[in-house]
Amino acid sequence: MAELQGLPEEYRDMSLEELHREIRRMEQLIRLLKDKVELSEPRTSGPDTQDVDLHSTQKTETQTLPCRTNTARKEPGCTRSLKVQEYKRYGRQMIMPEVGLSGQLALKKARVLIVGLGGLGSPAAAYLAAAGIGTIGLVDGDKVELSNLHRQIIHTADNEGMEKVDSARKFLHSLNKEIKLVAHPYHLSSKNAVETLEEYDVVLDCTDRPATRYLVSDAAVIAKIPLVHGSALQTEGQLMVLNNPPIATASKKKGPCYRCIWPKPPPPQSILTCGEGGILGPVVGVIGVLMAMETMKILLPALRTNADESTRKGTPFLLYSAYLNPSFKSVTMRGARENCLACTTMANGRTLKNYGYDTFCGLSCPVNILPPDERMEPKAYRSISPTSGPAPILVDVRENTQYNICHIENSINIPWSTIREDPADAFQSMNKHIQHNGSSQVPCEICFICRFGNDSQLAVRRFREQQQKDSGLKFTCKGDIRGGLKAWREQVDPEFPDY
Amino acid sequence: MDTDSKSAQGLPIVVEFSGGLELLFSNQRKHKLSLPSRDGKGHATNMAYLVRYLCDNLMSDARQDMFVVDDTVRPGVLVLINDADWELEGEHQYELKKNDNVLFVSTLHGG
């Protein structure tokens, strides 16, 4: 069967009927592609005109071929670059002039690494897998938790406790079996980051703390690959393409890296995580989806011919805020920094040299300012016998929203933020609140509690300071509950909600 | 506070906070301010003046180190003058103009 040389395997066993169906489908697709070329030719002509011709690689030829009746392009016996089912799967994006067959092949050839499979990584991975990125690397050392699921859309309740990398692979595989998924079931560190990134063409930073963000960026600089950066918290998100291009070209300077923009890490006490500050699913989702789009733009050269981008100085930085109108704002950041540590020393040395990322960023240590005798274990509080008088009143210093989600019965709520801002006023209102609620045994005893046992210590200290100034505060402060409501759940009430 | 006669002319600007910084400023994102057009020494009002002014007059939270460290905005806060990085505009030395928009954004890290 010499005339069938080059026929992809999947056609060899097809019935006549199936073959006819495939021919009809592909003819239709080719018609659409040709129409699309015609429609877009006048607008997109230029150095980066997308080559949509299935076979020709000569640009001059395609540019002179807008005529639909031209049959000279039909080359008998040609080999197809995609599997037949891939034409159908990717057809809706392939018929876009921005993609075309060559774009689809570029995506198929591409290797993309996603670091972090959480709220950003989930949607990014889903869209990139669906778009047909040939190789997707997945990095995460965590396991799926129930508290992830409102935003980490590729993980399911059935997979609770599973390695995120495996859970992600399962989902992405069920979505698209045409692509290769590479699992990296570990946290990136200065020891493994460069060798991991070097296997890829683009990296997405979907992590959740400054130390790993510097790590991913430094490794991307050394591995010389573009970095798509996204982050989100509460109702806001941020997006930026960094290290792009990773090396200067004739027409473009090297793009800034994370360190070029943020040479110094933020003080640890200024950092809020999603676990502490909260996050809305669609907020982090929209940034993850946009990260997938930015990745595709990097991989699809034709999409880069945008007059706005070429004339713009600096690096675009997109800010999203769900409750603002307009919700999106694009601002311009500086370019690469001449004396950037990563772009100079690290890039030249080609190693992170066990750089201490946690030391660089500093660690936010748990608060430990109260002496042991001022800290009460939850079970000790619970076992206070009613015969020895009423137990101290619990003053819960969490924010009001959290207190309203769940609280210990008979506890009262004076948020730490109000104490910090105006202790005199906050403790006066506590005074009134307690007296109003009929705790007439003045002076009564109080004990502070919070979510984890940090703010409660600060509240104790602030209360004592205030008590010295204000003789009206006739309470005996017994200190705080060590370990807060987390310890309460562990020692006293396993049913107390873990939110 | 400022006795410079030119201060009466006033320099209207808009200051915005985002990324959580608004919590330090009465939980209000947008502030319309009128600054004196000259500082106490007769120099044109610049960004250094504005940062000090915000600390002294507009900040409602006592934790100044959440906004300013070593006399400048703390690491992790981006400053944008009319939507451009202040590093492209001369940072502290940038002399504010009428109706300038200055945006302070705290970098987010969550994901």
# chains A, B, ... in the order shown; residues from 1 in each chain; ligands from 1
$ interface_residues --of "chain B" --to "chain A" --cutoff "7 Å" --atoms "only C-alpha atoms" --output "ChimeraX atom specification"
/B:19,61-62,66,75-76,83-85,87-88,108-111
$ residues_around --residues "A:Arg451" --least-positions-apart "2" --cutoff "8 Å" --atoms "only C-alpha atoms" --output "JSON, numbers by chain"
{"A": [398, 449, 453, 454, 483, 484, 485, 486]}
$ write_last_selection --atoms "N, CA, C and O atoms" --output "PDB file, in the first residue's frame"
ATOM      1  N   ARG A 398     -11.695  38.243  67.643  1.00  0.00           N
ATOM      2  CA  ARG A 398     -11.717  38.104  66.182  1.00  0.00           C
ATOM      3  C   ARG A 398     -12.575  39.215  65.568  1.00  0.00           C
ATOM      4  O   ARG A 398     -13.379  39.839  66.257  1.00  0.00           O
ATOM      5  N   ILE A 449      -9.761  35.530  73.976  1.00  0.00           N
ATOM      6  CA  ILE A 449      -9.619  34.394  73.058  1.00  0.00           C
ATOM      7  C   ILE A 449      -9.670  34.904  71.623  1.00  0.00           C
ATOM      8  O   ILE A 449     -10.297  35.942  71.344  1.00  0.00           O
ATOM      9  N   GLY A 453      -4.690  32.249  68.920  1.00  0.00           N
ATOM     10  CA  GLY A 453      -3.954  32.539  70.151  1.00  0.00           C
ATOM     11  C   GLY A 453      -2.842  33.558  69.993  1.00  0.00           C
ATOM     12  O   GLY A 453      -1.930  33.603  70.825  1.00  0.00           O
ATOM     13  N   ASN A 454      -2.880  34.360  68.941  1.00  0.00           N
ATOM     14  CA  ASN A 454      -1.888  35.429  68.770  1.00  0.00           C
ATOM     15  C   ASN A 454      -2.474  36.783  69.180  1.00  0.00           C
ATOM     16  O   ASN A 454      -1.964  37.438  70.092  1.00  0.00           O
ATOM     17  N   GLY A 483      -3.647  29.007  72.256  1.00  0.00           N
ATOM     18  CA  GLY A 483      -4.004  28.267  71.038  1.00  0.00           C
ATOM     19  C   GLY A 483      -5.367  28.627  70.474  1.00  0.00           C
ATOM     20  O   GLY A 483      -5.769  28.100  69.438  1.00  0.00           O
ATOM     21  N   GLY A 484      -6.091  29.526  71.161  1.00  0.00           N
ATOM     22  CA  GLY A 484      -7.348  30.049  70.632  1.00  0.00           C
ATOM     23  C   GLY A 484      -8.397  28.998  70.331  1.00  0.00           C
ATOM     24  O   GLY A 484      -8.427  27.911  70.920  1.00  0.00           O
ATOM     25  N   LEU A 485      -9.261  29.331  69.388  1.00  0.00           N
ATOM     26  CA  LEU A 485     -10.391  28.459  69.067  1.00  0.00           C
ATOM     27  C   LEU A 485      -9.946  27.163  68.391  1.00  0.00           C
ATOM     28  O   LEU A 485     -10.643  26.157  68.442  1.00  0.00           O
ATOM     29  N   LYS A 486      -8.764  27.208  67.784  1.00  0.00           N
ATOM     30  CA  LYS A 486      -8.232  25.978  67.178  1.00  0.00           C
ATOM     31  C   LYS A 486      -7.983  24.949  68.292  1.00  0.00           C
ATOM     32  O   LYS A 486      -8.396  23.788  68.198  1.00  0.00           O
TER      33      LYS A 486
END
$ residues_around --residues "B:Leu11" --least-positions-apart "4" --cutoff "10 Å" --atoms "only C-alpha atoms" --output "PyMOL selection string"
chain B and resi 7+33-38+45+96-100
$ write_last_selection --atoms "C-alpha atoms" --output "PDB file, in the first residue's frame"
ATOM      1  CA  SER B   7      -0.289  77.491  49.892  1.00  0.00           C
ATOM      2  CA  LEU B  33      -6.800  66.329  48.768  1.00  0.00           C
ATOM      3  CA  SER B  34      -5.703  69.885  48.408  1.00  0.00           C
ATOM      4  CA  LEU B  35      -2.037  70.272  49.190  1.00  0.00           C
ATOM      5  CA  PRO B  36      -0.092  73.511  49.484  1.00  0.00           C
ATOM      6  CA  SER B  37       1.693  74.068  46.182  1.00  0.00           C
ATOM      7  CA  ARG B  38       4.933  74.889  48.049  1.00  0.00           C
ATOM      8  CA  THR B  45       5.392  70.087  46.636  1.00  0.00           C
ATOM      9  CA  LEU B  96       3.095  67.084  41.950  1.00  0.00           C
ATOM     10  CA  LYS B  97       0.911  68.779  39.412  1.00  0.00           C
ATOM     11  CA  LYS B  98      -2.678  69.868  39.543  1.00  0.00           C
ATOM     12  CA  ASN B  99      -5.117  66.955  39.357  1.00  0.00           C
ATOM     13  CA  ASP B 100      -2.408  64.300  39.531  1.00  0.00           C
TER      14      ASP B 100
END
$ select_by_dssp --residues "stretch 83-304 of chain A" --states "alpha helix (DSSP H)" --output "number ranges by chain"
A: 84-94, 100-109, 121-131, 164-175, 193-197, 210-223, 258-261, 274-277, 281-299
$ closest_residue --among "A:Tyr127, A:Arg382, A:His20, A:Ile434" --to "A:Arg489" --atoms "only C-alpha atoms"
A:Arg382
$ residues_around --residues "B:Glu95" --least-positions-apart "6" --cutoff "12 Å" --atoms "only C-alpha atoms" --output "list of chain:residue names"
B:Leu11, B:Ile13, B:Leu35, B:Ser37, B:Arg38, B:Asp39, B:His43, B:Ala44, B:Thr45, B:Asn46, B:Met47, B:Ala48, B:Tyr49, B:Leu50, B:Ile81, B:Trp86, B:Glu89, B:Val102
$ atom_distance --atom1 "atom CA of A:Val241" --atom2 "atom CA of A:Gly103"
20.0 Å
$ select_by_dssp --residues "stretch 14-248 of chain A" --states "strand (DSSP E)" --output "ChimeraX atom specification"
/A:111-115,135-139,180-184,202-205,227-233,236-242
$ atom_distance --atom1 "atom CA of A:Thr295" --atom2 "atom CA of A:Glu145"
27.6 Å
$ residues_around --residues "A:Tyr355" --least-positions-apart "5" --cutoff "10 Å" --atoms "only C-alpha atoms" --output "short mmCIF file (atom, residue, chain, number, x, y, z; two decimals) with all heavy atoms, in the first residue's frame"
data_model
loop_
_atom_site.label_atom_id
_atom_site.label_comp_id
_atom_site.auth_asym_id
_atom_site.auth_seq_id
_atom_site.Cartn_x
_atom_site.Cartn_y
_atom_site.Cartn_z
N SER A 189 12.24 24.40 45.93
CA SER A 189 13.22 24.95 46.88
C SER A 189 14.41 25.44 46.07
O SER A 189 14.48 25.20 44.86
CB SER A 189 13.68 23.85 47.85
OG SER A 189 14.49 22.93 47.15
N SER A 190 15.35 26.11 46.74
CA SER A 190 16.51 26.60 46.00
C SER A 190 17.33 25.43 45.45
O SER A 190 18.15 25.61 44.57
CB SER A 190 17.36 27.52 46.88
OG SER A 190 17.65 26.89 48.10
N LYS A 191 17.11 24.23 45.98
CA LYS A 191 17.87 23.07 45.49
C LYS A 191 17.30 22.49 44.20
O LYS A 191 18.03 21.97 43.38
CB LYS A 191 17.91 21.98 46.57
CG LYS A 191 18.76 22.37 47.77
CD LYS A 191 19.01 21.17 48.68
CE LYS A 191 19.88 21.57 49.86
NZ LYS A 191 19.19 22.50 50.78
N LEU A 215 11.66 32.88 44.72
CA LEU A 215 12.31 31.64 44.27
C LEU A 215 11.95 31.33 42.82
O LEU A 215 12.82 31.07 41.98
CB LEU A 215 11.89 30.49 45.19
CG LEU A 215 12.28 29.08 44.74
CD1 LEU A 215 13.79 28.89 44.78
CD2 LEU A 215 11.61 28.02 45.63
N MET A 346 22.93 36.04 39.97
CA MET A 346 22.36 34.70 39.90
C MET A 346 22.36 34.17 38.46
O MET A 346 22.66 33.01 38.20
CB MET A 346 20.93 34.70 40.43
CG MET A 346 20.86 34.81 41.95
SD MET A 346 19.14 34.81 42.48
CE MET A 346 19.33 34.76 44.25
N PHE A 360 15.53 35.67 53.77
CA PHE A 360 15.41 36.91 53.00
C PHE A 360 14.05 37.58 53.27
O PHE A 360 13.97 38.77 53.51
CB PHE A 360 15.57 36.58 51.51
CG PHE A 360 15.33 37.74 50.58
CD1 PHE A 360 16.12 38.88 50.64
CD2 PHE A 360 14.33 37.69 49.62
CE1 PHE A 360 15.91 39.95 49.77
CE2 PHE A 360 14.11 38.74 48.76
CZ PHE A 360 14.90 39.87 48.83
#
$ atom_distance --atom1 "atom CA of A:Met376" --atom2 "atom CA of A:Lys469"
25.7 Å
$ closest_residue --among "A:Asp13, A:Gly141, A:Met293, A:Ala157" --to "A:Ala124" --atoms "only C-alpha atoms"
A:Met293
$ decode --residues "stretch 347-482 of chain A" --atoms "C-alpha atoms" --output "mmCIF file, in the first residue's frame"
data_model
loop_
_atom_site.group_PDB
_atom_site.id
_atom_site.type_symbol
_atom_site.label_atom_id
_atom_site.label_comp_id
_atom_site.auth_asym_id
_atom_site.auth_seq_id
_atom_site.Cartn_x
_atom_site.Cartn_y
_atom_site.Cartn_z
ATOM 1 C CA ALA A 347 21.940 34.617 36.117
ATOM 2 C CA ASN A 348 25.690 34.665 35.582
ATOM 3 C CA GLY A 349 26.357 32.034 38.230
ATOM 4 C CA ARG A 350 23.458 29.955 36.916
ATOM 5 C CA THR A 351 22.630 28.803 40.416
ATOM 6 C CA LEU A 352 20.567 29.852 43.396
ATOM 7 C CA LYS A 353 23.410 28.596 45.619
ATOM 8 C CA ASN A 354 21.047 27.538 48.370
ATOM 9 C CA TYR A 355 19.897 31.126 48.703
ATOM 10 C CA GLY A 356 17.894 31.424 51.928
ATOM 11 C CA TYR A 357 14.474 32.564 50.768
ATOM 12 C CA ASP A 358 12.820 32.278 54.163
ATOM 13 C CA THR A 359 15.602 34.309 55.762
ATOM 14 C CA PHE A 360 15.407 36.912 53.000
ATOM 15 C CA CYS A 361 11.673 37.345 53.426
ATOM 16 C CA GLY A 362 11.681 36.879 57.187
ATOM 17 C CA LEU A 363 9.229 34.740 59.045
ATOM 18 C CA SER A 364 6.221 36.003 60.853
ATOM 19 C CA CYS A 365 6.741 34.285 64.197
ATOM 20 C CA PRO A 366 3.800 33.289 66.374
ATOM 21 C CA VAL A 367 3.230 35.884 69.082
ATOM 22 C CA ASN A 368 4.621 34.809 72.452
ATOM 23 C CA ILE A 369 4.514 37.751 74.791
ATOM 24 C CA LEU A 370 2.557 36.487 77.795
ATOM 25 C CA PRO A 371 4.140 34.576 80.696
ATOM 26 C CA PRO A 372 2.926 30.950 80.985
ATOM 27 C CA ASP A 373 0.785 31.651 84.056
ATOM 28 C CA GLU A 374 -1.325 34.113 82.056
ATOM 29 C CA ARG A 375 -2.212 31.531 79.444
ATOM 30 C CA MET A 376 -5.025 29.084 80.080
ATOM 31 C CA GLU A 377 -5.456 25.807 78.227
ATOM 32 C CA PRO A 378 -8.970 25.405 76.786
ATOM 33 C CA LYS A 379 -9.607 22.273 78.822
ATOM 34 C CA ALA A 380 -8.513 24.053 82.003
ATOM 35 C CA TYR A 381 -11.030 26.803 81.252
ATOM 36 C CA ARG A 382 -13.742 24.249 80.595
ATOM 37 C CA SER A 383 -13.083 22.395 83.846
ATOM 38 C CA ILE A 384 -13.563 25.470 86.041
ATOM 39 C CA SER A 385 -16.187 24.229 88.467
ATOM 40 C CA PRO A 386 -19.350 26.293 88.858
ATOM 41 C CA THR A 387 -19.010 25.911 92.662
ATOM 42 C CA SER A 388 -15.839 27.964 92.634
ATOM 43 C CA GLY A 389 -17.699 30.913 91.124
ATOM 44 C CA PRO A 390 -18.449 31.897 87.508
ATOM 45 C CA ALA A 391 -15.793 31.197 84.870
ATOM 46 C CA PRO A 392 -14.096 34.295 83.439
ATOM 47 C CA ILE A 393 -16.073 35.934 80.639
ATOM 48 C CA LEU A 394 -14.510 35.086 77.298
ATOM 49 C CA VAL A 395 -13.699 38.164 75.221
ATOM 50 C CA ASP A 396 -13.403 37.030 71.604
ATOM 51 C CA VAL A 397 -11.162 39.466 69.700
ATOM 52 C CA ARG A 398 -11.717 38.104 66.182
ATOM 53 C CA GLU A 399 -13.274 40.369 63.570
ATOM 54 C CA ASN A 400 -17.031 40.626 63.817
ATOM 55 C CA THR A 401 -17.612 38.689 60.570
ATOM 56 C CA GLN A 402 -15.744 35.714 61.979
ATOM 57 C CA TYR A 403 -17.460 35.961 65.359
ATOM 58 C CA ASN A 404 -20.809 35.842 63.578
ATOM 59 C CA ILE A 405 -19.805 32.639 61.775
ATOM 60 C CA CYS A 406 -19.337 30.820 65.075
ATOM 61 C CA HIS A 407 -18.441 31.598 68.667
ATOM 62 C CA ILE A 408 -18.416 30.078 72.104
ATOM 63 C CA GLU A 409 -21.686 30.582 73.905
ATOM 64 C CA ASN A 410 -21.738 33.596 76.250
ATOM 65 C CA SER A 411 -18.496 34.969 74.841
ATOM 66 C CA ILE A 412 -18.525 38.628 73.831
ATOM 67 C CA ASN A 413 -16.938 40.194 70.746
ATOM 68 C CA ILE A 414 -14.471 43.103 70.889
ATOM 69 C CA PRO A 415 -12.421 42.913 67.641
ATOM 70 C CA TRP A 416 -8.655 43.322 67.976
ATOM 71 C CA SER A 417 -8.695 45.915 65.183
ATOM 72 C CA THR A 418 -10.949 48.162 67.265
ATOM 73 C CA ILE A 419 -8.804 47.631 70.364
ATOM 74 C CA ARG A 420 -5.660 48.462 68.403
ATOM 75 C CA GLU A 421 -7.154 51.610 66.939
ATOM 76 C CA ASP A 422 -8.826 52.987 70.052
ATOM 77 C CA PRO A 423 -8.275 50.898 73.187
ATOM 78 C CA ALA A 424 -10.037 53.385 75.483
ATOM 79 C CA ASP A 425 -13.209 53.275 73.459
ATOM 80 C CA ALA A 426 -13.059 49.527 72.785
ATOM 81 C CA PHE A 427 -12.665 48.590 76.448
ATOM 82 C CA GLN A 428 -15.316 51.082 77.524
ATOM 83 C CA SER A 429 -17.764 49.374 75.181
ATOM 84 C CA MET A 430 -16.684 46.022 76.598
ATOM 85 C CA ASN A 431 -17.412 47.389 80.063
ATOM 86 C CA LYS A 432 -20.921 48.450 79.070
ATOM 87 C CA HIS A 433 -21.570 45.238 77.197
ATOM 88 C CA ILE A 434 -20.697 43.041 80.160
ATOM 89 C CA GLN A 435 -22.700 45.088 82.652
ATOM 90 C CA HIS A 436 -25.646 45.247 80.284
ATOM 91 C CA ASN A 437 -25.631 41.472 79.944
ATOM 92 C CA GLY A 438 -26.228 41.125 83.646
ATOM 93 C CA SER A 439 -22.804 40.083 84.807
ATOM 94 C CA SER A 440 -23.372 42.128 87.894
ATOM 95 C CA GLN A 441 -20.600 40.590 89.909
ATOM 96 C CA VAL A 442 -18.209 43.437 89.539
ATOM 97 C CA PRO A 443 -15.297 43.128 89.509
ATOM 98 C CA CYS A 444 -15.696 40.119 87.286
ATOM 99 C CA GLU A 445 -13.032 38.132 85.536
ATOM 100 C CA ILE A 446 -12.279 38.179 81.810
ATOM 101 C CA CYS A 447 -10.156 36.035 79.550
ATOM 102 C CA PHE A 448 -9.280 36.833 75.908
ATOM 103 C CA ILE A 449 -9.619 34.394 73.058
ATOM 104 C CA CYS A 450 -9.047 34.562 69.273
ATOM 105 C CA ARG A 451 -8.694 32.188 66.340
ATOM 106 C CA PHE A 452 -5.150 30.901 66.921
ATOM 107 C CA GLY A 453 -3.954 32.539 70.151
ATOM 108 C CA ASN A 454 -1.888 35.429 68.770
ATOM 109 C CA ASP A 455 -4.155 38.488 68.815
ATOM 110 C CA SER A 456 -5.552 37.436 72.198
ATOM 111 C CA GLN A 457 -2.106 37.962 73.743
ATOM 112 C CA LEU A 458 -1.797 41.396 72.187
ATOM 113 C CA ALA A 459 -5.264 42.208 73.531
ATOM 114 C CA VAL A 460 -4.259 41.165 77.063
ATOM 115 C CA ARG A 461 -1.233 43.415 76.951
ATOM 116 C CA ARG A 462 -3.253 46.334 75.585
ATOM 117 C CA PHE A 463 -5.938 45.794 78.212
ATOM 118 C CA ARG A 464 -3.414 45.944 81.050
ATOM 119 C CA GLU A 465 -1.962 49.171 79.644
ATOM 120 C CA GLN A 466 -5.419 50.668 79.402
ATOM 121 C CA GLN A 467 -6.426 49.517 82.878
ATOM 122 C CA GLN A 468 -3.568 51.543 84.371
ATOM 123 C CA LYS A 469 -4.978 54.677 82.737
ATOM 124 C CA ASP A 470 -8.645 53.976 83.341
ATOM 125 C CA SER A 471 -9.756 53.077 86.862
ATOM 126 C CA GLY A 472 -13.257 52.412 85.531
ATOM 127 C CA LEU A 473 -12.173 49.102 84.032
ATOM 128 C CA LYS A 474 -12.914 46.944 87.057
ATOM 129 C CA PHE A 475 -12.048 43.582 85.595
ATOM 130 C CA THR A 476 -9.600 40.969 86.644
ATOM 131 C CA CYS A 477 -7.851 39.838 83.480
ATOM 132 C CA LYS A 478 -6.882 36.192 83.690
ATOM 133 C CA GLY A 479 -4.884 36.289 80.448
ATOM 134 C CA ASP A 480 -5.832 34.424 77.282
ATOM 135 C CA ILE A 481 -6.783 30.975 75.994
ATOM 136 C CA ARG A 482 -3.617 29.384 74.639
#
